[in-house]
Amino acid sequence: MKPNFRNWPVLLVLLVFSAPLLIMLAFLLVDAFTTKVPGTMIPNGVTLHHFRFLWTDLDDGSWGIWGVTLNTFNFALFTSLAVSAISLTAGYALSRLAFPARGFFLGSLIVLHAFPTVTLIIAIFLILQLLGLYNTLIGVIVVKAALELPFGIWVMKGFYDTVPWEIEMAGVQDGASRFTVWWQLVLPQVQPGLMAILIFSFLSGWSEFILPMVLAPGTEAQVLSTYLATMLLDGGTQADFNLFKAVGLFYALPVAIIYLIFQNKLMNIYGGGTKG
Amino acid sequence: MQRSSWLGLAFLSPALIVVFLFFLVPVVLTGFFSFTNMSTATGVKGGAYVLNASGLRALTDAGLPKSTLEQIEGAGYRVDAKGLEALALDFGKPVAEEFAKLHEGEVFSKRRDVERALKDLRSNPIRKTRDRKQAADLFKRSLMNERFDSPTAFEAALEEAGIPETDRPLITEVAYTGWVWTTDNFGFLFSLDSTWQYAKNTVIYVVFTLSFNVLFGLFLAIATFYLPAGQAAAFRAIWFLPRILPPVLYIVMWRWFTWDTGFISTVLSGFGVPPRNWMLDTEFHAWTTIVLINGFVGASMGMIVFSSAIRAIPASMLYASEVDGASRLQQIWYIILPQLRWPILFITSYQTMSLLTSFEYIYLATDGGPGGATEVWALAAFHTALNNYGGNLQYGLGATYALILVVIGLLASLAYLRLFNFRNLLVKPRIEG
């Protein structure tokens with residue numbers, strides 16, 4: 001198209017609005033590794049002092065960054081495995097199998113997908129107390145997986161819908177059972193969907209904050225989000241933002257790596273969006 | 001049923017169990033809990049029956065006769081196994097055995113009577129007055145501060161103490177430490193001025209954030225559509241960041257940006273403005289920050305959805321308009337925006353719901369401050385039931401706040417189902433038909 005419009009006013013507006021984000025990001029990287037002249041924004045020396053939490057105990061009652069990181073990893077991993085496993089079968093059933101009340105289940109899936117789950121947190125808190133799963137990592141994993149599930153099933157059903165019927169019909173014609181058809185013929189076709197759900201729920205679990213904070217506030221089940229939030233909210237007026245940023249960078253590193261590798265896939269899924 | 005019916009249900013069952021436990025049950029329980037007075041004090045699992053000083057005061061206020069109150073406080077002296085055991089321990093077995101033989105099961109109303117009985121023991125009398133007083137006190141039975149695990153045990157104790165039958169139900173009710181059913185939460189909720197303040201805050205929050213999300217999302221999508229590919233990709237990447245970064249880190253960056261030792265203060269101090277906390281110093285600043293924090297995240301979602309919708313517009317339409325001499329603004333107004341009607345409706349309805357119910361960013365940024373100015377409904381529910389400084393978490397009242405959001409959420413989700421092209425989903429399976 002011919003340039004019948006000047007770009008620079010648009011660029012200017014974009015830059016003004018993007019400025020906070022750019023500044024925050026730039027100083028996230030700069031502040032984590034440098035010291036500053038007090039009262040200015042100018043760095044005057046490179047240091048790894050802000051990353052001391054990696055090798056010394058900060059004496060804040062938590063059980064060390066590596067234990068917390070392991071918790072976070074377990075939380076994200078088992079959440080994503082559970083979501084993927086359950087979505088894999090439920091998505092297929094909703095997409096391809098005939099069973100009673102199928103329409104009802106499909107309708108419920110849409111309702112669940114749109115339903116704001118965070119409103120249920122009080123009831124879930126009480127349920128976990130009754131089940132004795134309060135303050136355990138397993139409890140949070142189960143709840144997180146459950147809340148991610150409608151999204152997982154929805155995406156998985158979408159992937160199953162694109163698999164040609166002919167593949168299954170050929171399998172059934174040759175005498176395979178429906179289960180064999182699913183396991184041997186259909187599953188290889190939806191591997192990209194499986195990957196997408198695994199990655200997405202892993203990232204979602206890694207970033208989750210509200211559920212671990214409410215359902216497992218003890219130190220045993222602490223994850224990186226609550227570790228950083230405790231630092232941030234308990235800091236009072238003496239906020240050591242260099243330390244927060246160093247912890248934040250450490251925390252966000254896996255997210256950044258995964259995002260850089262799977263950028264395009266994720267862009268599409270985030271379009272469906274689960275946060276405001 | 002056909003075999004595949006069973007396979008379908010079997011494939012669906014893990015999901016059904018999870019959905020039942022963590023969606024259906026919580027929705028129903030939120031309703032139940034909102035009709036209880038459950039709190040930290042009452043516990044979740046039910047309670048015991050204990051009368052303490054405050055319970056007694058409540059009974060006095062309820063107009064219980066004075067004689068009954070006295071009976072509760074001092075229910076007399078009962079020669080029972082428990083007292084005898086204590087007696088044996090303090091004064092020796094023979095004393096206890098003889099006392100048991102003569103008086104077991106008796107109830108004395110005054111201590112003097114017990115003392116006399118102890119004095120009159122034939123073979124092992126207790127001689128010192130002080131000792132007798134002490135021994136008599138071992139048999140004192142009061143309903144105060146005694147713990148009963150079941151209502152029947154408590155009622156039996158009341159009966160033994162000779163409390164009139166008409167007063168018993170009220171005493172049992174007051175003594176119960178567990179939660180009870182009540183409809184008071186709803187009346188209480190709407191009698192509070194703060195409730196209306198939360199509602200007002202929520203409206204401010206949703207309206208301003210939503211406007212920012214939709215308008216700025218539109219601007220981002222259209223601007224990046226017209227910009228050269230390289231610039232467009234750079235801006236999309238920047239605006240995608242708030243969505244991809246963990247919320248806690250995102251708020252760390254905003255806190256640093258607005259803190260009194262942070263970016264704005266430091267830069268402005270170069271111009272002679274004294275440093276202050278730009279997030280929390282005034283209500284206006286708090287709201288601006290909250291709207292921007294949520295708006296930056298929401299705008300990225302708008303950007304993604306609108307961008308893909310714009311890319312779906314046939315390029316030939318845009319070319320044709322240019323041949324006819326349309327300016328970019330005319331293109332946007334007459335071609336692009338009409339095509340975005342549904343995506344805009346989708347983003348608006350979707351984000352209204354998620355803004356109405358989310359409190360994560362506000363909790364981390366201002367925690368409702370300064371002075372409750374940014375306390376929205378969802379955050380109030382969270383504070384009431386799960387996180388307050390008083391320490392007594394009111395699950396029941398919090399559930400009442402949450403119930404209102406749950407009901408709105410359910411209605412909106414059902415409306416969403418109506419809007420959705422449901423018939424497309426209902427395509428019948430082709431193998432079994």
# chains A, B, ... in the order shown; residues from 1 in each chain; ligands from 1

$ residues_around --residues "stretch 127-140 of chain B" --least-positions-apart "3" --cutoff "9 Å" --atoms "only C-alpha atoms" --output "list of chain:residue names"
B:Gly74, B:Ala75, B:Gly76, B:Tyr77, B:Arg78, B:Val79, B:Asp80, B:Lys82, B:Gly83, B:Leu84, B:Ala86, B:Leu87, B:Asp90, B:Phe91, B:Arg111, B:Arg112, B:Val114, B:Glu115, B:Arg116, B:Leu118, B:Lys119, B:Asn124

$ write_last_selection --atoms "N, CA and C atoms" --output "short mmCIF file (atom, residue, chain, number, x, y, z; two decimals), in the first residue's frame"
data_model
loop_
_atom_site.label_atom_id
_atom_site.label_comp_id
_atom_site.auth_asym_id
_atom_site.auth_seq_id
_atom_site.Cartn_x
_atom_site.Cartn_y
_atom_site.Cartn_z
N GLY B 74 -22.59 -22.11 89.78
CA GLY B 74 -22.26 -23.05 90.83
C GLY B 74 -23.30 -24.13 90.88
N ALA B 75 -23.04 -25.23 90.26
CA ALA B 75 -24.05 -26.27 90.14
C ALA B 75 -24.03 -27.20 91.35
N GLY B 76 -23.41 -26.79 92.46
CA GLY B 76 -23.42 -27.61 93.66
C GLY B 76 -22.21 -28.51 93.79
N TYR B 77 -22.28 -29.42 94.79
CA TYR B 77 -21.16 -30.30 95.08
C TYR B 77 -21.63 -31.72 94.89
N ARG B 78 -20.98 -32.44 93.97
CA ARG B 78 -21.44 -33.79 93.63
C ARG B 78 -20.35 -34.78 93.99
N VAL B 79 -20.75 -35.79 94.72
CA VAL B 79 -19.79 -36.82 95.09
C VAL B 79 -19.76 -37.85 93.96
N ASP B 80 -18.88 -37.66 93.00
CA ASP B 80 -18.82 -38.58 91.86
C ASP B 80 -17.41 -39.17 91.74
N LYS B 82 -15.06 -38.80 89.67
CA LYS B 82 -13.97 -37.88 89.37
C LYS B 82 -13.46 -37.19 90.63
N GLY B 83 -14.44 -36.73 91.45
CA GLY B 83 -14.06 -36.05 92.68
C GLY B 83 -13.39 -37.00 93.66
N LEU B 84 -13.92 -38.23 93.71
CA LEU B 84 -13.36 -39.21 94.64
C LEU B 84 -11.92 -39.55 94.27
N ALA B 86 -9.82 -37.59 92.85
CA ALA B 86 -8.97 -36.48 93.27
C ALA B 86 -8.76 -36.51 94.78
N LEU B 87 -9.80 -36.90 95.47
CA LEU B 87 -9.74 -36.97 96.94
C LEU B 87 -8.72 -38.03 97.37
N ASP B 90 -5.24 -36.73 96.94
CA ASP B 90 -4.76 -35.68 97.85
C ASP B 90 -4.77 -36.13 99.33
N PHE B 91 -5.72 -36.98 99.72
CA PHE B 91 -5.89 -37.27 101.15
C PHE B 91 -5.78 -38.75 101.46
N ARG B 111 -21.19 -25.73 100.40
CA ARG B 111 -19.91 -26.32 100.74
C ARG B 111 -19.89 -26.75 102.21
N ARG B 112 -20.61 -25.98 103.02
CA ARG B 112 -20.61 -26.31 104.44
C ARG B 112 -21.06 -27.75 104.70
N VAL B 114 -20.76 -30.30 102.69
CA VAL B 114 -19.72 -31.25 102.29
C VAL B 114 -18.67 -31.33 103.39
N GLU B 115 -18.31 -30.14 103.89
CA GLU B 115 -17.29 -30.11 104.94
C GLU B 115 -17.74 -30.91 106.16
N ARG B 116 -19.02 -30.74 106.51
CA ARG B 116 -19.53 -31.46 107.67
C ARG B 116 -19.44 -32.95 107.43
N LEU B 118 -17.39 -34.51 105.56
CA LEU B 118 -16.00 -34.94 105.62
C LEU B 118 -15.52 -35.03 107.07
N LYS B 119 -16.02 -34.08 107.87
CA LYS B 119 -15.63 -34.05 109.28
C LYS B 119 -16.20 -35.26 110.02
N ASN B 124 -11.69 -41.99 109.30
CA ASN B 124 -10.64 -41.12 108.79
C ASN B 124 -11.10 -39.67 108.61
#

$ residues_around --residues "A:Leu187" --least-positions-apart "5" --cutoff "12 Å" --atoms "only C-alpha atoms" --output "number ranges by chain"
A: 85, 88-89, 91-92, 156, 159-160, 163, 167-168, 179-182, 192-195

$ residues_around --residues "stretch 223-228 of chain A" --least-positions-apart "3" --cutoff "6 Å" --atoms "only C-alpha atoms" --output "VMD selection string"
chain A and resid 68 71 to 72 209 231

$ write_last_selection --atoms "N, CA and C atoms" --output "short mmCIF file (atom, residue, chain, number, x, y, z; two decimals), in the first residue's frame"
data_model
loop_
_atom_site.label_atom_id
_atom_site.label_comp_id
_atom_site.auth_asym_id
_atom_site.auth_seq_id
_atom_site.Cartn_x
_atom_site.Cartn_y
_atom_site.Cartn_z
N VAL A 68 12.61 -24.04 47.40
CA VAL A 68 11.46 -23.32 46.86
C VAL A 68 11.36 -23.52 45.35
N ASN A 71 10.06 -26.93 44.63
CA ASN A 71 8.60 -26.91 44.83
C ASN A 71 7.89 -26.33 43.62
N THR A 72 8.39 -25.19 43.14
CA THR A 72 7.77 -24.53 42.01
C THR A 72 7.78 -25.44 40.79
N PHE A 209 0.07 -17.45 41.57
CA PHE A 209 0.37 -16.84 42.86
C PHE A 209 -0.76 -17.02 43.88
N MET A 231 8.69 -11.38 50.26
CA MET A 231 9.76 -10.37 50.29
C MET A 231 9.20 -8.99 50.00
#

$ select_by_dssp --residues "stretch 39-123 of chain B" --states "alpha helix (DSSP H)" --output "PyMOL selection string"
chain B and resi 53-61+66-73+81-91+93-103+111-119

$ atom_distance --atom1 "atom CA of B:Val267" --atom2 "atom CA of A:Thr40"
7.4 Å

$ residues_around --residues "B:Pro228" --least-positions-apart "5" --cutoff "10 Å" --atoms "only C-alpha atoms" --output "list in words"
Asn7 of chain A; Ala223 and Ala233 of chain B

$ residues_around --residues "B:Thr374" --least-positions-apart "5" --cutoff "10 Å" --atoms "only C-alpha atoms" --output "PyMOL selection string"
chain B and resi 197-198+200-202+204-205+283-284+286-287+290+362-363+366-369+379

$ write_last_selection --atoms "C-alpha atoms" --output "JSON list (two decimals), in the first residue's frame"
[["chain", "number", "residue", "atom", "x", "y", "z"],
["B", 197, "GLN", "CA", -17.96, 1.65, 48.88],
["B", 198, "TYR", "CA", -16.63, -1.70, 47.54],
["B", 200, "LYS", "CA", -18.51, 1.78, 43.87],
["B", 201, "ASN", "CA", -14.80, 0.97, 43.74],
["B", 202, "THR", "CA", -15.51, -2.08, 41.62],
["B", 204, "ILE", "CA", -14.69, 2.55, 38.89],
["B", 205, "TYR", "CA", -12.13, -0.22, 38.48],
["B", 283, "GLU", "CA", -6.36, 8.04, 45.91],
["B", 284, "PHE", "CA", -6.08, 9.44, 42.42],
["B", 286, "ALA", "CA", -3.55, 4.74, 43.44],
["B", 287, "TRP", "CA", -6.39, 4.42, 40.94],
["B", 290, "ILE", "CA", -4.18, 0.20, 39.32],
["B", 362, "ILE", "CA", -4.55, -4.98, 43.31],
["B", 363, "TYR", "CA", -3.62, -7.17, 46.27],
["B", 366, "THR", "CA", -1.91, -1.42, 46.81],
["B", 367, "ASP", "CA", -3.67, -4.13, 48.85],
["B", 368, "GLY", "CA", -6.76, -1.92, 48.71],
["B", 369, "GLY", "CA", -4.99, 1.17, 50.02],
["B", 379, "LEU", "CA", -10.55, -8.15, 47.22]]

$ closest_residue --among "B:Thr152, B:Gln330, B:Ser307, B:Thr266" --to "chain A" --atoms "only C-alpha atoms"
B:Thr266

$ closest_residue --among "B:Leu59, B:Val207, B:Ile310, B:Ala315" --to "B:Leu337" --atoms "only C-alpha atoms"
B:Ile310

$ closest_residue --among "A:Pro43, A:Pro100, A:Pro164, A:Pro212" --to "chain B" --atoms "only C-alpha atoms"
A:Pro100

$ select_by_dssp --residues "stretch 1-165 of chain A" --states "strand (DSSP E or B)" --output "PyMOL selection string"
chain A and resi 34-36+43-46

$ write_last_selection --atoms "N, CA and C atoms" --output "mmCIF file, in the first residue's frame"
data_model
loop_
_atom_site.group_PDB
_atom_site.id
_atom_site.type_symbol
_atom_site.label_atom_id
_atom_site.label_comp_id
_atom_site.auth_asym_id
_atom_site.auth_seq_id
_atom_site.Cartn_x
_atom_site.Cartn_y
_atom_site.Cartn_z
ATOM 1 N N THR A 34 23.911 -4.408 38.981
ATOM 2 C CA THR A 34 24.775 -3.259 39.221
ATOM 3 C C THR A 34 24.473 -2.591 40.557
ATOM 4 N N THR A 35 25.411 -1.754 40.996
ATOM 5 C CA THR A 35 25.150 -0.850 42.107
ATOM 6 C C THR A 35 24.977 0.538 41.525
ATOM 7 N N LYS A 36 24.322 1.429 42.311
ATOM 8 C CA LYS A 36 24.032 2.761 41.782
ATOM 9 C C LYS A 36 24.598 3.844 42.673
ATOM 10 N N PRO A 43 24.192 3.612 37.042
ATOM 11 C CA PRO A 43 24.953 2.519 37.643
ATOM 12 C C PRO A 43 26.441 2.889 37.753
ATOM 13 N N ASN A 44 27.083 2.480 38.854
ATOM 14 C CA ASN A 44 28.509 2.788 38.989
ATOM 15 C C ASN A 44 29.356 1.559 39.275
ATOM 16 N N GLY A 45 28.803 0.388 39.117
ATOM 17 C CA GLY A 45 29.621 -0.793 39.338
ATOM 18 C C GLY A 45 28.835 -2.064 39.114
ATOM 19 N N VAL A 46 29.519 -3.100 38.646
ATOM 20 C CA VAL A 46 28.866 -4.385 38.409
ATOM 21 C C VAL A 46 29.025 -5.248 39.651
#

$ atom_distance --atom1 "atom CA of B:Tyr49" --atom2 "atom CA of B:Thr68"
17.7 Å

$ residues_around --residues "B:Pro242" --least-positions-apart "4" --cutoff "9 Å" --atoms "only C-alpha atoms" --output "PyMOL selection string"
(chain A and resi 21) or (chain B and resi 238+246-247+250+293+296-298+300)

$ residues_around --residues "B:Thr166" --least-positions-apart "4" --cutoff "12 Å" --atoms "only C-alpha atoms" --output "PyMOL selection string"
chain B and resi 64-65+68+155+158-159+162+170-172

$ closest_atom_pairs --of "stretch 216-289 of chain B" --to "stretch 23-33 of chain A" --cutoff "8 Å" --atoms "only C-alpha atoms" --output "tab-separated table"
residue	atom	partner	partner_atom	distance
B:Met253	CA	A:Met24	CA	5.8
B:Trp254	CA	A:Met24	CA	7.5
B:Phe257	CA	A:Met24	CA	6.9

$ atom_distance --atom1 "atom CA of B:Thr177" --atom2 "atom CA of B:Phe154"
12.5 Å

$ closest_atom_pairs --of "stretch 251-368 of chain B" --to "stretch 241-251 of chain A" --cutoff "10 Å" --atoms "only C-alpha atoms" --output "JSON lines"
{"residue": "B:Val252", "atom": "CA", "partner": "A:Phe244", "partner_atom": "CA", "distance": 7.0}
{"residue": "B:Met253", "atom": "CA", "partner": "A:Lys245", "partner_atom": "CA", "distance": 7.8}
{"residue": "B:Arg255", "atom": "CA", "partner": "A:Phe241", "partner_atom": "CA", "distance": 8.8}
{"residue": "B:Trp256", "atom": "CA", "partner": "A:Phe241", "partner_atom": "CA", "distance": 6.5}
{"residue": "B:Trp259", "atom": "CA", "partner": "A:Phe241", "partner_atom": "CA", "distance": 9.7}
{"residue": "B:Thr261", "atom": "CA", "partner": "A:Phe241", "partner_atom": "CA", "distance": 9.0}
{"residue": "B:Gly262", "atom": "CA", "partner": "A:Phe241", "partner_atom": "CA", "distance": 8.5}

$ write_last_selection --atoms "N, CA and C atoms" --output "compact mmCIF listing (two decimals), in the first residue's frame"
# COMPACT_ATOMS: atom_id res chain seq x y z
N VAL B 252 6.45 -6.22 41.03
CA VAL B 252 7.73 -5.74 41.56
C VAL B 252 8.19 -4.56 40.71
N MET B 253 8.09 -4.70 39.40
CA MET B 253 8.55 -3.63 38.50
C MET B 253 7.71 -2.36 38.67
N ARG B 255 6.03 -1.48 41.37
CA ARG B 255 6.31 -0.90 42.69
C ARG B 255 7.60 -0.11 42.63
N TRP B 256 8.60 -0.68 41.99
CA TRP B 256 9.87 0.03 41.86
C TRP B 256 9.66 1.34 41.11
N TRP B 259 7.74 3.73 43.55
CA TRP B 259 8.13 3.81 44.97
C TRP B 259 8.88 5.12 45.27
N THR B 261 11.68 5.42 46.53
CA THR B 261 13.09 5.31 46.14
C THR B 261 13.21 4.88 44.69
N GLY B 262 12.09 4.89 43.98
CA GLY B 262 12.05 4.30 42.64
C GLY B 262 12.25 5.31 41.53

$ closest_residue --among "B:Gly391, B:Gly295, B:Pro314, B:Gly398" --to "A:Phe17" --atoms "only C-alpha atoms"
B:Gly295

$ closest_residue --among "B:Pro26, B:Gly217, B:Pro169, B:Gly409" --to "B:Thr352" --atoms "only C-alpha atoms"
B:Gly409
